[in-house]
$ cat input.tsv   # TSV, C-alpha atoms and all ligand atoms
chain	number	residue	atom	x	y	z
A	6	MET	CA	-5.08	-1.82	96.45
A	7	GLN	CA	-2.22	-1.24	98.88
A	8	THR	CA	-1.34	2.00	100.63
A	9	LEU	CA	2.12	2.77	101.97
A	10	GLN	CA	3.08	5.93	103.79
A	11	VAL	CA	6.16	8.15	103.52
A	12	ASP	CA	6.56	9.47	107.05
A	13	LEU	CA	7.80	13.05	106.95
A	14	GLY	CA	5.81	14.70	109.75
A	15	GLU	CA	3.28	17.16	108.42
A	16	ARG	CA	4.59	16.55	104.88
A	17	SER	CA	3.82	12.80	105.06
A	18	TYR	CA	2.04	11.35	102.05
A	19	PRO	CA	0.49	8.11	100.80
A	20	ILE	CA	1.63	5.85	97.99
A	21	TYR	CA	-1.39	4.06	96.47
A	22	ILE	CA	-0.47	0.88	94.56
A	23	GLY	CA	-3.02	-1.02	92.49
A	24	ALA	CA	-4.38	-1.87	89.05
A	25	ASP	CA	-7.12	0.77	89.13
A	26	VAL	CA	-5.95	3.82	91.07
A	27	LEU	CA	-6.46	6.59	88.48
A	28	ARG	CA	-9.74	7.49	90.12
A	29	ALA	CA	-11.29	10.61	91.61
A	30	GLU	CA	-11.46	9.09	95.10
A	31	PHE	CA	-7.65	8.86	95.26
A	32	LEU	CA	-7.01	12.21	93.60
A	33	ALA	CA	-9.56	14.56	95.15
A	34	PRO	CA	-8.26	14.45	98.76
A	35	HIS	CA	-4.88	15.72	97.52
A	36	ILE	CA	-6.11	18.60	95.33
A	37	VAL	CA	-6.53	21.92	97.16
A	38	GLY	CA	-8.11	24.30	94.61
A	39	ARG	CA	-10.13	23.91	91.39
A	40	GLN	CA	-7.20	24.12	88.96
A	41	VAL	CA	-5.07	21.18	87.85
A	42	ALA	CA	-2.17	21.07	85.39
A	43	ILE	CA	-1.26	17.65	84.03
A	44	VAL	CA	2.31	17.40	82.76
A	45	THR	CA	2.91	14.46	80.45
A	46	ASN	CA	4.64	13.68	77.17
A	47	GLU	CA	3.72	12.83	73.60
A	48	THR	CA	4.13	9.06	74.19
A	49	VAL	CA	2.15	8.77	77.42
A	50	ALA	CA	-0.60	11.26	76.48
A	51	PRO	CA	-2.32	9.06	73.86
A	52	LEU	CA	-2.25	6.13	76.32
A	53	TYR	CA	-3.42	7.56	79.65
A	54	LEU	CA	-4.19	11.28	79.47
A	55	SER	CA	-7.90	10.99	78.66
A	56	ALA	CA	-8.47	8.48	81.52
A	57	LEU	CA	-6.84	10.92	83.93
A	58	GLU	CA	-8.78	13.87	82.54
A	59	ARG	CA	-12.01	11.88	83.08
A	60	ALA	CA	-11.03	11.20	86.69
A	61	LEU	CA	-10.57	14.97	87.10
A	62	GLU	CA	-14.00	15.94	85.81
A	63	GLY	CA	-15.19	19.13	87.50
A	64	TYR	CA	-11.70	20.67	87.78
A	65	ALA	CA	-10.28	23.25	85.38
A	66	VAL	CA	-7.63	21.07	83.74
A	67	THR	CA	-4.71	22.23	81.60
A	68	SER	CA	-2.67	19.49	79.95
A	69	VAL	CA	0.93	20.23	79.00
A	70	VAL	CA	2.31	17.65	76.57
A	71	LEU	CA	6.12	17.73	76.37
A	72	PRO	CA	8.49	16.09	73.89
A	73	ASP	CA	9.61	12.64	75.05
A	74	GLY	CA	13.09	11.73	76.20
A	75	GLU	CA	15.96	12.24	78.59
A	76	ALA	CA	17.47	14.67	76.09
A	77	PHE	CA	14.52	17.00	76.82
A	78	LYS	CA	15.07	17.11	80.60
A	79	THR	CA	16.25	20.70	80.22
A	80	TRP	CA	15.59	24.35	81.12
A	81	GLU	CA	13.98	24.85	77.72
A	82	THR	CA	11.42	22.09	78.31
A	83	LEU	CA	10.78	23.29	81.86
A	84	GLN	CA	9.85	26.65	80.39
A	85	LEU	CA	7.07	24.96	78.37
A	86	ILE	CA	5.46	23.90	81.66
A	87	PHE	CA	5.55	27.47	82.98
A	88	ASP	CA	4.19	28.69	79.61
A	89	GLY	CA	1.22	26.33	80.01
A	90	LEU	CA	0.57	27.31	83.63
A	91	LEU	CA	0.75	31.04	82.97
A	92	THR	CA	-1.21	30.99	79.72
A	93	ALA	CA	-4.11	29.25	81.51
A	94	ARG	CA	-3.64	31.59	84.52
A	95	HIS	CA	-3.00	28.98	87.16
A	96	ASP	CA	-2.80	30.50	90.62
A	97	ARG	CA	-1.00	29.41	93.79
A	98	ARG	CA	-3.71	26.89	94.64
A	99	THR	CA	-3.16	24.91	91.46
A	100	THR	CA	-2.07	21.26	91.55
A	101	VAL	CA	0.58	19.96	89.16
A	102	ILE	CA	0.19	16.28	88.29
A	103	ALA	CA	3.09	14.38	86.70
A	104	LEU	CA	1.82	11.64	84.37
A	105	GLY	CA	4.73	9.68	82.94
A	106	GLY	CA	8.13	8.21	83.70
A	107	GLY	CA	10.97	9.62	85.76
A	108	VAL	CA	11.80	12.35	83.26
A	109	ILE	CA	8.29	13.80	83.48
A	110	GLY	CA	8.14	13.28	87.27
A	111	ASP	CA	11.47	15.02	87.86
A	112	MET	CA	10.60	17.96	85.59
A	113	ALA	CA	6.98	18.42	86.71
A	114	GLY	CA	8.11	18.22	90.34
A	115	PHE	CA	10.77	20.86	89.78
A	116	ALA	CA	8.23	23.06	88.00
A	117	ALA	CA	5.82	22.63	90.95
A	118	ALA	CA	8.61	23.57	93.36
A	119	CYS	CA	9.35	26.76	91.41
A	120	TYR	CA	5.95	27.93	90.14
A	121	GLN	CA	4.85	30.84	92.30
A	122	ARG	CA	7.44	29.56	94.83
A	123	GLY	CA	5.74	26.19	95.22
A	124	VAL	CA	2.37	24.63	94.40
A	125	ASN	CA	0.66	21.34	95.14
A	126	PHE	CA	2.12	18.31	93.36
A	127	ILE	CA	0.97	14.72	92.68
A	128	GLN	CA	3.01	11.94	91.08
A	129	ILE	CA	1.43	9.38	88.74
A	130	PRO	CA	4.43	7.32	87.58
A	131	THR	CA	3.89	5.11	84.54
A	132	THR	CA	7.25	3.33	84.12
A	133	LEU	CA	8.54	0.63	86.45
A	134	LEU	CA	11.57	2.79	87.25
A	135	SER	CA	9.46	5.75	88.27
A	136	GLN	CA	7.05	3.54	90.23
A	137	VAL	CA	9.81	1.96	92.34
A	138	ASP	CA	12.10	4.92	92.70
A	139	SER	CA	11.82	8.40	91.21
A	140	SER	CA	8.20	9.21	92.16
A	141	VAL	CA	8.92	8.66	95.87
A	142	GLY	CA	11.17	10.87	97.95
A	143	GLY	CA	10.91	14.33	96.45
A	144	LYS	CA	14.04	14.59	94.31
A	145	THR	CA	13.15	16.76	91.33
A	146	GLY	CA	15.23	18.48	88.69
A	147	ILE	CA	16.77	18.65	85.26
A	148	ASN	CA	20.08	17.76	83.61
A	149	HIS	CA	22.91	20.13	82.73
A	150	PRO	CA	25.13	19.35	79.72
A	151	LEU	CA	28.00	18.94	82.21
A	152	GLY	CA	26.17	16.77	84.71
A	153	LYS	CA	23.10	14.63	85.24
A	154	ASN	CA	20.36	15.96	87.58
A	155	MET	CA	22.62	18.83	88.59
A	156	VAL	CA	19.88	21.46	88.89
A	157	GLY	CA	16.85	20.76	91.06
A	158	ALA	CA	15.07	20.83	94.39
A	159	PHE	CA	13.84	18.52	97.12
A	160	TYR	CA	10.07	18.84	96.80
A	161	GLN	CA	7.74	16.18	98.14
A	162	PRO	CA	4.46	15.32	96.41
A	163	GLN	CA	1.10	15.24	98.20
A	164	ALA	CA	0.50	11.68	96.96
A	165	VAL	CA	1.88	9.02	94.61
A	166	LEU	CA	-0.60	6.97	92.56
A	167	ILE	CA	0.96	3.82	91.10
A	168	ASP	CA	-1.24	2.16	88.49
A	169	THR	CA	0.41	-1.23	87.93
A	170	ALA	CA	-1.78	-1.81	84.86
A	171	SER	CA	0.02	1.01	83.04
A	172	LEU	CA	3.08	-1.23	82.74
A	173	VAL	CA	1.41	-3.37	80.05
A	174	THR	CA	2.24	-0.75	77.41
A	175	LEU	CA	5.83	-0.25	78.55
A	176	PRO	CA	8.51	-1.41	76.06
A	177	ALA	CA	10.52	-4.42	77.32
A	178	ARG	CA	13.75	-2.42	77.34
A	179	GLU	CA	12.17	0.16	79.68
A	180	LEU	CA	10.85	-2.59	81.95
A	181	SER	CA	14.37	-3.98	82.23
A	182	ALA	CA	15.70	-0.51	83.04
A	183	GLY	CA	13.24	-0.33	85.94
A	184	LEU	CA	14.36	-3.73	87.18
A	185	ALA	CA	17.85	-2.27	87.71
A	186	GLU	CA	16.47	-0.03	90.47
A	187	VAL	CA	14.43	-2.93	91.91
A	188	ILE	CA	17.58	-5.09	92.13
A	189	LYS	CA	19.31	-2.14	93.79
A	190	TYR	CA	17.06	-2.39	96.85
A	191	GLY	CA	18.04	-6.03	97.34
A	192	LEU	CA	21.71	-5.22	97.05
A	193	ILE	CA	21.71	-2.24	99.42
A	194	CYS	CA	19.32	-3.31	102.18
A	195	ASP	CA	17.31	-6.49	101.59
A	196	GLU	CA	19.29	-9.66	100.90
A	197	PRO	CA	16.22	-11.97	101.00
A	198	PHE	CA	14.74	-9.82	98.21
A	199	ILE	CA	17.66	-10.87	96.00
A	200	THR	CA	16.58	-14.50	96.36
A	201	TRP	CA	12.95	-13.52	95.66
A	202	LEU	CA	14.06	-11.68	92.52
A	203	GLU	CA	16.13	-14.66	91.34
A	204	GLU	CA	13.02	-16.83	91.67
A	205	ASN	CA	10.60	-14.34	90.09
A	206	MET	CA	12.59	-12.56	87.38
A	207	GLN	CA	10.87	-14.37	84.51
A	208	ALA	CA	7.41	-13.60	85.97
A	209	LEU	CA	8.37	-9.93	86.29
A	210	ARG	CA	9.57	-9.75	82.70
A	211	ALA	CA	6.35	-11.48	81.58
A	212	LEU	CA	4.40	-8.67	83.33
A	213	ASP	CA	2.83	-10.99	85.89
A	214	GLN	CA	0.73	-8.47	87.85
A	215	ALA	CA	1.08	-10.22	91.21
A	216	ALA	CA	4.87	-10.40	90.91
A	217	LEU	CA	5.09	-6.78	89.73
A	218	THR	CA	2.91	-5.60	92.61
A	219	THR	CA	5.09	-7.41	95.15
A	220	ALA	CA	8.28	-5.97	93.63
A	221	ILE	CA	6.83	-2.44	93.56
A	222	GLU	CA	5.53	-2.65	97.14
A	223	ARG	CA	8.79	-4.00	98.49
A	224	SER	CA	10.83	-1.40	96.62
A	225	CYS	CA	8.58	1.52	97.67
A	226	ALA	CA	8.58	0.33	101.28
A	227	ALA	CA	12.39	0.34	101.29
A	228	LYS	CA	12.54	3.75	99.63
A	229	ALA	CA	9.92	5.23	101.99
A	230	ARG	CA	11.86	3.94	105.00
A	231	ILE	CA	15.15	5.40	103.76
A	232	VAL	CA	13.64	8.76	102.78
A	233	ALA	CA	11.86	9.06	106.14
A	234	ALA	CA	15.18	8.47	107.88
A	235	ASP	CA	17.20	10.90	105.75
A	236	GLU	CA	15.12	13.15	103.49
A	237	ARG	CA	17.96	15.50	102.48
A	238	GLU	CA	20.59	12.80	101.89
A	239	SER	CA	23.01	13.57	104.67
A	240	GLY	CA	23.53	9.87	105.33
A	241	VAL	CA	21.72	6.63	104.50
A	242	ARG	CA	19.77	8.04	101.52
A	243	ALA	CA	23.00	8.20	99.53
A	244	THR	CA	23.03	4.37	99.49
A	245	LEU	CA	20.13	4.62	97.00
A	246	ASN	CA	22.78	5.82	94.58
A	247	LEU	CA	24.52	2.45	94.33
A	248	GLY	CA	26.00	2.30	90.84
A	249	HIS	CA	24.83	5.84	90.06
A	250	THR	CA	28.20	7.62	90.26
A	251	PHE	CA	29.61	5.33	87.58
A	252	GLY	CA	26.20	5.20	85.84
A	253	HIS	CA	25.72	8.97	85.62
A	254	ALA	CA	29.19	9.20	84.07
A	255	ILE	CA	28.07	6.70	81.41
A	256	GLU	CA	24.83	8.63	80.73
A	257	THR	CA	26.59	11.98	80.47
A	258	GLN	CA	29.49	10.72	78.34
A	259	GLN	CA	27.30	8.75	75.93
A	260	GLY	CA	24.77	11.60	75.52
A	261	TYR	CA	21.52	11.73	77.50
A	262	GLY	CA	19.09	9.05	76.36
A	263	VAL	CA	21.59	6.83	74.51
A	264	TRP	CA	21.94	4.52	77.50
A	265	LEU	CA	18.74	4.38	79.56
A	266	HIS	CA	19.18	5.48	83.17
A	267	GLY	CA	18.50	1.96	84.47
A	268	GLU	CA	20.95	0.44	81.99
A	269	ALA	CA	23.68	2.81	83.10
A	270	VAL	CA	22.85	2.03	86.74
A	271	ALA	CA	23.18	-1.72	86.03
A	272	ALA	CA	26.61	-1.41	84.42
A	273	GLY	CA	27.62	1.16	87.07
A	274	THR	CA	26.55	-1.21	89.84
A	275	VAL	CA	28.74	-3.94	88.39
A	276	MET	CA	31.65	-1.50	88.69
A	277	ALA	CA	30.72	-0.78	92.33
A	278	LEU	CA	30.55	-4.53	92.97
A	279	GLU	CA	33.93	-5.04	91.35
A	280	MET	CA	35.43	-2.32	93.55
A	281	SER	CA	33.85	-3.93	96.63
A	282	VAL	CA	35.51	-7.22	95.64
A	283	ARG	CA	38.87	-5.47	95.18
A	284	LEU	CA	38.53	-3.96	98.67
A	285	GLY	CA	37.91	-7.46	100.05
A	286	TRP	CA	34.40	-6.59	101.22
A	287	ILE	CA	32.34	-8.99	99.09
A	288	SER	CA	33.40	-12.22	97.42
A	289	PRO	CA	33.71	-12.73	93.66
A	290	ALA	CA	30.81	-15.20	94.05
A	291	ASP	CA	28.60	-12.41	95.49
A	292	ARG	CA	29.55	-10.13	92.61
A	293	ASP	CA	28.82	-12.84	90.05
A	294	ARG	CA	25.46	-13.62	91.66
A	295	ALA	CA	24.43	-9.98	91.26
A	296	ILE	CA	25.73	-9.86	87.67
A	297	ARG	CA	23.66	-12.96	86.82
A	298	LEU	CA	20.58	-11.22	88.22
A	299	PHE	CA	21.19	-8.14	86.04
A	300	LEU	CA	21.64	-10.42	83.03
A	301	ALA	CA	18.40	-12.26	83.85
A	302	ALA	CA	16.69	-8.86	83.95
A	303	GLY	CA	17.94	-8.14	80.42
A	304	LEU	CA	20.41	-5.45	81.47
A	305	PRO	CA	23.91	-4.54	80.29
A	306	VAL	CA	26.71	-5.39	82.73
A	307	VAL	CA	29.69	-4.08	80.75
A	308	PRO	CA	30.34	-0.32	80.51
A	309	PRO	CA	30.63	1.21	77.02
A	310	ALA	CA	33.81	0.04	75.30
A	311	ASP	CA	34.74	3.59	74.30
A	312	MET	CA	34.78	4.93	77.87
A	313	THR	CA	38.22	5.38	79.38
A	314	ALA	CA	39.16	5.78	83.05
A	315	GLU	CA	39.73	9.48	82.27
A	316	HIS	CA	36.18	9.84	80.95
A	317	PHE	CA	34.84	8.33	84.16
A	318	MET	CA	36.99	10.52	86.41
A	319	GLN	CA	36.03	13.68	84.52
A	320	HIS	CA	32.29	13.07	85.03
A	321	MET	CA	32.56	11.57	88.51
A	322	ALA	CA	34.25	14.76	89.74
A	323	VAL	CA	30.88	16.58	89.50
A	324	ASP	CA	28.89	13.86	91.29
A	325	LYS	CA	26.57	15.19	94.00
A	326	LYS	CA	28.27	12.97	96.58
A	327	VAL	CA	31.57	14.83	96.11
A	328	MET	CA	32.29	16.68	99.37
A	329	ASP	CA	35.10	19.21	99.74
A	330	GLY	CA	36.57	17.89	96.51
A	331	ARG	CA	36.61	14.31	97.76
A	332	LEU	CA	34.83	11.64	95.75
A	333	ARG	CA	32.56	9.35	97.78
A	334	LEU	CA	31.14	6.11	96.44
A	335	VAL	CA	28.39	3.70	97.41
A	336	LEU	CA	29.95	0.27	97.86
A	337	LEU	CA	28.82	-3.03	99.36
A	338	ARG	CA	30.09	-4.42	102.66
A	339	SER	CA	28.03	-7.51	101.92
A	340	LEU	CA	25.02	-8.36	99.75
A	341	GLY	CA	22.22	-6.39	101.43
A	342	GLU	CA	24.50	-3.87	103.17
A	343	ALA	CA	25.71	-0.70	101.46
A	344	VAL	CA	28.07	1.98	102.73
A	345	VAL	CA	28.92	5.46	101.47
A	346	THR	CA	32.63	6.11	101.73
A	347	GLY	CA	35.43	8.27	100.46
A	348	ASP	CA	37.89	6.15	102.36
A	349	PHE	CA	39.45	3.91	99.72
A	350	PRO	CA	42.90	3.72	98.13
A	351	ARG	CA	43.04	5.60	94.85
A	352	ASP	CA	44.74	2.68	93.14
A	353	VAL	CA	41.71	0.46	93.88
A	354	LEU	CA	39.45	2.98	92.13
A	355	ASP	CA	41.89	3.18	89.20
A	356	ALA	CA	41.97	-0.62	88.95
A	357	THR	CA	38.16	-0.70	89.03
A	358	LEU	CA	37.90	1.85	86.23
A	359	GLY	CA	40.50	-0.05	84.21
A	360	ALA	CA	39.09	-3.54	84.80
A	361	ASP	CA	38.16	-5.72	81.82
A	362	TYR	CA	34.41	-6.15	82.31
A	363	ALA	CA	33.92	-7.92	78.98
A	364	ALA	CA	36.39	-10.59	80.13
A	365	LEU	CA	34.58	-10.81	83.47
A	366	LEU	CA	31.29	-11.43	81.66
A	367	ASN	CA	32.96	-13.98	79.43
A	368	SER	CA	34.38	-15.87	82.41
A	369	LEU	CA	30.90	-15.96	83.92
A	370	GLU	CA	29.33	-17.42	80.81
A	371	HIS	CA	31.78	-20.34	80.61
B	1	LIG	P1	11.44	8.04	81.03
B	1	LIG	O1	10.69	8.98	81.87
B	1	LIG	O2	12.25	8.57	79.91
B	1	LIG	O3	10.41	6.95	80.46
B	1	LIG	C1	10.89	5.94	79.62
B	1	LIG	C2	10.10	5.86	78.30
B	1	LIG	O4	8.86	5.19	78.54
B	1	LIG	C3	9.74	7.20	77.71
B	1	LIG	O5	9.82	7.10	76.31
B	1	LIG	C4	8.31	7.38	78.16
B	1	LIG	O6	7.57	8.26	77.32
B	1	LIG	C5	7.79	5.98	78.05
B	1	LIG	N1	6.66	5.63	78.86
B	1	LIG	C6	6.37	6.05	80.12
B	1	LIG	N2	5.34	5.36	80.60
B	1	LIG	C7	4.93	4.52	79.64
B	1	LIG	C8	3.91	3.53	79.56
B	1	LIG	N3	3.14	3.24	80.60
B	1	LIG	N4	3.76	2.85	78.40
B	1	LIG	C9	4.60	3.11	77.34
B	1	LIG	N5	5.59	3.99	77.38
B	1	LIG	C10	5.77	4.69	78.52
B	1	LIG	O7	12.45	7.15	81.91
B	1	LIG	P2	12.34	6.50	83.36
B	1	LIG	O8	13.20	5.31	83.31
B	1	LIG	O9	10.96	6.38	83.81
B	1	LIG	O10	13.02	7.60	84.28
B	1	LIG	C11	14.37	7.94	84.13
B	1	LIG	C12	14.59	9.30	84.74
B	1	LIG	O11	14.30	9.24	86.13
B	1	LIG	C13	16.01	9.79	84.62
B	1	LIG	O12	16.00	11.13	84.20
B	1	LIG	C14	16.56	9.69	86.03
B	1	LIG	O13	17.55	10.62	86.29
B	1	LIG	C15	15.32	9.92	86.84
B	1	LIG	N6	15.38	9.36	88.19
B	1	LIG	C16	15.02	10.18	89.22
B	1	LIG	C17	15.02	9.69	90.50
B	1	LIG	C18	14.54	10.57	91.62
B	1	LIG	O14	14.69	10.18	92.79
B	1	LIG	N7	13.95	11.70	91.35
B	1	LIG	C19	15.37	8.35	90.76
B	1	LIG	C20	15.73	7.56	89.69
B	1	LIG	C21	15.72	8.07	88.40
B	2	LIG	N1	17.11	7.80	93.49
B	2	LIG	C1	17.88	8.21	94.62
B	2	LIG	C2	17.11	8.95	95.66
B	2	LIG	O1	15.94	9.17	95.55
B	2	LIG	O2	17.69	9.33	96.63
$ encode --input "input.tsv" --output "structure tokens" --more "lines below"
Ligand code: NAD
Ligand code: GLY
Amino acid sequence: MQTLQVDLGERSYPIYIGADVLRAEFLAPHIVGRQVAIVTNETVAPLYLSALERALEGYAVTSVVLPDGEAFKTWETLQLIFDGLLTARHDRRTTVIALGGGVIGDMAGFAAACYQRGVNFIQIPTTLLSQVDSSVGGKTGINHPLGKNMVGAFYQPQAVLIDTASLVTLPARELSAGLAEVIKYGLICDEPFITWLEENMQALRALDQAALTTAIERSCAAKARIVAADERESGVRATLNLGHTFGHAIETQQGYGVWLHGEAVAAGTVMALEMSVRLGWISPADRDRAIRLFLAAGLPVVPPADMTAEHFMQHMAVDKKVMDGRLRLVLLRSLGEAVVTGDFPRDVLDATLGADYAALLNSLEH
């Protein structure tokens, strides 16, 4: 069992990583009162809810089981959490526990931030994506039909419990989606990690526990460092959004849940890499190395064929990095070094949006 720390002064919290962390000894120190509300969904509940309820013996536990899917990351679903809390008369000392992937973590965290103006919150992420990214750092929220994650709050948990064993039930496509965010850390801040991932990608996809634990620890350590430096995203934290501006446009345009978040991030990152090449910041060989890594992870690297430059621009205009009407993007200065900038010629962005990514992939394969 490994413990990392997110250093945020008096709001600092531990991240426990191991194959057997759903235990009372890790939960109890982070629960203030006697009431607990577990928020999960209809897929995760049959797998892990009873184990968690057992670990919470002695507490008054309410379990709220939500419908599964990105399409349900909405106001209406959020209301079901409040219905459950109020029906069971949870007071201000209750603890909300998110048990599930990033959709559950984001919604349960937002509910915890809002319920009675803020109650205790614990994250138990069960997808690779949520274990390496969304459960750490306190971004919570829901989607709006016009924009992904557009309504939410910064609200840090009291603890994050990462049970690596829960990944054995994760569908392969979801594991690949999580690998997109793992690769992201290498690209933005840890070039040697890219080499490690190239050497260990098959082990990761085969659910090798040692490889997964290393990848999760390294990813969480990077995220904890970045969040501690810039909790509210006024600077370096925005680099965690590499590929997300293009990716969120894909998710919104295709309909939430059609492309998985990690898949959209992978294809979106390829677009950010292509733009970095066009600006002369990275070489085509660097770009192709990253594309090969996404392919090895089982991820898409070509944006949807039906998405035009106009579609992208329409959705990118409501990105959270837009400041005073100016679009800012996360791009790479080199592999392992990301920058956030609005300082690029418009024609380079247009060329990036209009590039032929299928041809790029084809040229790579031959
Ligand atoms: P998800 O929550 O939809 O989970 C993916 C699927 O796996 C779901 O069907 C889920 O029920 C199922 N599942 C979860 N755990 C399982 C397990 N152990 N075994 C079998 N099935 C399991 O998707 P995700 O990829 O975890 O998260 C994506 C969401 O996270 C997006 O909404 C994205 O916007 C958000 N996100 C938030 C942040 C943040 O900082 N808050 C960062 C990245 C992504
Ligand atoms: N996933 C981006 C962030 O947490 O800032």
$ residues_near_point --input "input.tsv" --point "(-6.4, 27.5, 96.3)" --cutoff "12 Å" --atoms "only C-alpha atoms" --output "PyMOL selection string"
chain A and resi 35-41+95-100+124-125
$ residues_near_ligand --input "input.tsv" --ligand "ligand LIG 2 (chain B)" --cutoff "6 Å" --atoms "all atoms listed in the file" --output "list in words"
Asp138, Ser139, Gly142, Lys144, Arg242, Leu245 and Asn246 of chain A
$ write_last_selection --input "input.tsv" --atoms "C-alpha atoms" --output "short mmCIF file (atom, residue, chain, number, x, y, z; two decimals), in the frame of the given file"
data_model
loop_
_atom_site.label_atom_id
_atom_site.label_comp_id
_atom_site.auth_asym_id
_atom_site.auth_seq_id
_atom_site.Cartn_x
_atom_site.Cartn_y
_atom_site.Cartn_z
CA ASP A 138 12.10 4.92 92.70
CA SER A 139 11.82 8.40 91.21
CA GLY A 142 11.17 10.87 97.95
CA LYS A 144 14.04 14.59 94.31
CA ARG A 242 19.77 8.04 101.52
CA LEU A 245 20.13 4.62 97.00
CA ASN A 246 22.78 5.82 94.58
#
$ residues_around --input "input.tsv" --residues "range 311-318 of chain A" --least-positions-apart "5" --cutoff "12 Å" --atoms "all atoms listed in the file" --output "PDB file with C-alpha atoms, keeping the file's coordinate frame"
ATOM      1  CA  HIS A 249      24.830   5.840  90.060  1.00  0.00           C
ATOM      2  CA  THR A 250      28.200   7.620  90.260  1.00  0.00           C
ATOM      3  CA  PHE A 251      29.610   5.330  87.580  1.00  0.00           C
ATOM      4  CA  GLY A 252      26.200   5.200  85.840  1.00  0.00           C
ATOM      5  CA  HIS A 253      25.720   8.970  85.620  1.00  0.00           C
ATOM      6  CA  ALA A 254      29.190   9.200  84.070  1.00  0.00           C
ATOM      7  CA  ILE A 255      28.070   6.700  81.410  1.00  0.00           C
ATOM      8  CA  GLU A 256      24.830   8.630  80.730  1.00  0.00           C
ATOM      9  CA  THR A 257      26.590  11.980  80.470  1.00  0.00           C
ATOM     10  CA  GLN A 258      29.490  10.720  78.340  1.00  0.00           C
ATOM     11  CA  GLN A 259      27.300   8.750  75.930  1.00  0.00           C
ATOM     12  CA  GLY A 273      27.620   1.160  87.070  1.00  0.00           C
ATOM     13  CA  MET A 276      31.650  -1.500  88.690  1.00  0.00           C
ATOM     14  CA  VAL A 323      30.880  16.580  89.500  1.00  0.00           C
ATOM     15  CA  ASP A 324      28.890  13.860  91.290  1.00  0.00           C
ATOM     16  CA  VAL A 327      31.570  14.830  96.110  1.00  0.00           C
ATOM     17  CA  ARG A 331      36.610  14.310  97.760  1.00  0.00           C
ATOM     18  CA  LEU A 332      34.830  11.640  95.750  1.00  0.00           C
ATOM     19  CA  ARG A 351      43.040   5.600  94.850  1.00  0.00           C
ATOM     20  CA  ASP A 352      44.740   2.680  93.140  1.00  0.00           C
ATOM     21  CA  LEU A 354      39.450   2.980  92.130  1.00  0.00           C
ATOM     22  CA  ASP A 355      41.890   3.180  89.200  1.00  0.00           C
ATOM     23  CA  ALA A 356      41.970  -0.620  88.950  1.00  0.00           C
ATOM     24  CA  THR A 357      38.160  -0.700  89.030  1.00  0.00           C
ATOM     25  CA  LEU A 358      37.900   1.850  86.230  1.00  0.00           C
ATOM     26  CA  GLY A 359      40.500  -0.050  84.210  1.00  0.00           C
ATOM     27  CA  ALA A 360      39.090  -3.540  84.800  1.00  0.00           C
ATOM     28  CA  ASP A 361      38.160  -5.720  81.820  1.00  0.00           C
ATOM     29  CA  TYR A 362      34.410  -6.150  82.310  1.00  0.00           C
TER      30      TYR A 362
END
$ closest_residue --input "input.tsv" --among "A:Trp80, A:Tyr18, A:Phe87, A:Phe159" --to "ligand LIG 1 (chain B)" --atoms "only C-alpha atoms and all ligand atoms"
A:Phe159
$ residues_near_ligand --input "input.tsv" --ligand "ligand LIG 1 (chain B)" --cutoff "7 Å" --atoms "all atoms listed in the file" --output "NGL selection string"
:A and (46 or 48-49 or 73-75 or 105-109 or 111 or 131-135 or 138-145 or 153-154 or 171-176 or 179 or 182-183 or 265-267)
$ write_last_selection --input "input.tsv" --atoms "C-alpha atoms" --output "mmCIF file, in the coordinates of the input"
data_model
loop_
_atom_site.group_PDB
_atom_site.id
_atom_site.type_symbol
_atom_site.label_atom_id
_atom_site.label_comp_id
_atom_site.auth_asym_id
_atom_site.auth_seq_id
_atom_site.Cartn_x
_atom_site.Cartn_y
_atom_site.Cartn_z
ATOM 1 C CA ASN A 46 4.640 13.680 77.170
ATOM 2 C CA THR A 48 4.130 9.060 74.190
ATOM 3 C CA VAL A 49 2.150 8.770 77.420
ATOM 4 C CA ASP A 73 9.610 12.640 75.050
ATOM 5 C CA GLY A 74 13.090 11.730 76.200
ATOM 6 C CA GLU A 75 15.960 12.240 78.590
ATOM 7 C CA GLY A 105 4.730 9.680 82.940
ATOM 8 C CA GLY A 106 8.130 8.210 83.700
ATOM 9 C CA GLY A 107 10.970 9.620 85.760
ATOM 10 C CA VAL A 108 11.800 12.350 83.260
ATOM 11 C CA ILE A 109 8.290 13.800 83.480
ATOM 12 C CA ASP A 111 11.470 15.020 87.860
ATOM 13 C CA THR A 131 3.890 5.110 84.540
ATOM 14 C CA THR A 132 7.250 3.330 84.120
ATOM 15 C CA LEU A 133 8.540 0.630 86.450
ATOM 16 C CA LEU A 134 11.570 2.790 87.250
ATOM 17 C CA SER A 135 9.460 5.750 88.270
ATOM 18 C CA ASP A 138 12.100 4.920 92.700
ATOM 19 C CA SER A 139 11.820 8.400 91.210
ATOM 20 C CA SER A 140 8.200 9.210 92.160
ATOM 21 C CA VAL A 141 8.920 8.660 95.870
ATOM 22 C CA GLY A 142 11.170 10.870 97.950
ATOM 23 C CA GLY A 143 10.910 14.330 96.450
ATOM 24 C CA LYS A 144 14.040 14.590 94.310
ATOM 25 C CA THR A 145 13.150 16.760 91.330
ATOM 26 C CA LYS A 153 23.100 14.630 85.240
ATOM 27 C CA ASN A 154 20.360 15.960 87.580
ATOM 28 C CA SER A 171 0.020 1.010 83.040
ATOM 29 C CA LEU A 172 3.080 -1.230 82.740
ATOM 30 C CA VAL A 173 1.410 -3.370 80.050
ATOM 31 C CA THR A 174 2.240 -0.750 77.410
ATOM 32 C CA LEU A 175 5.830 -0.250 78.550
ATOM 33 C CA PRO A 176 8.510 -1.410 76.060
ATOM 34 C CA GLU A 179 12.170 0.160 79.680
ATOM 35 C CA ALA A 182 15.700 -0.510 83.040
ATOM 36 C CA GLY A 183 13.240 -0.330 85.940
ATOM 37 C CA LEU A 265 18.740 4.380 79.560
ATOM 38 C CA HIS A 266 19.180 5.480 83.170
ATOM 39 C CA GLY A 267 18.500 1.960 84.470
#
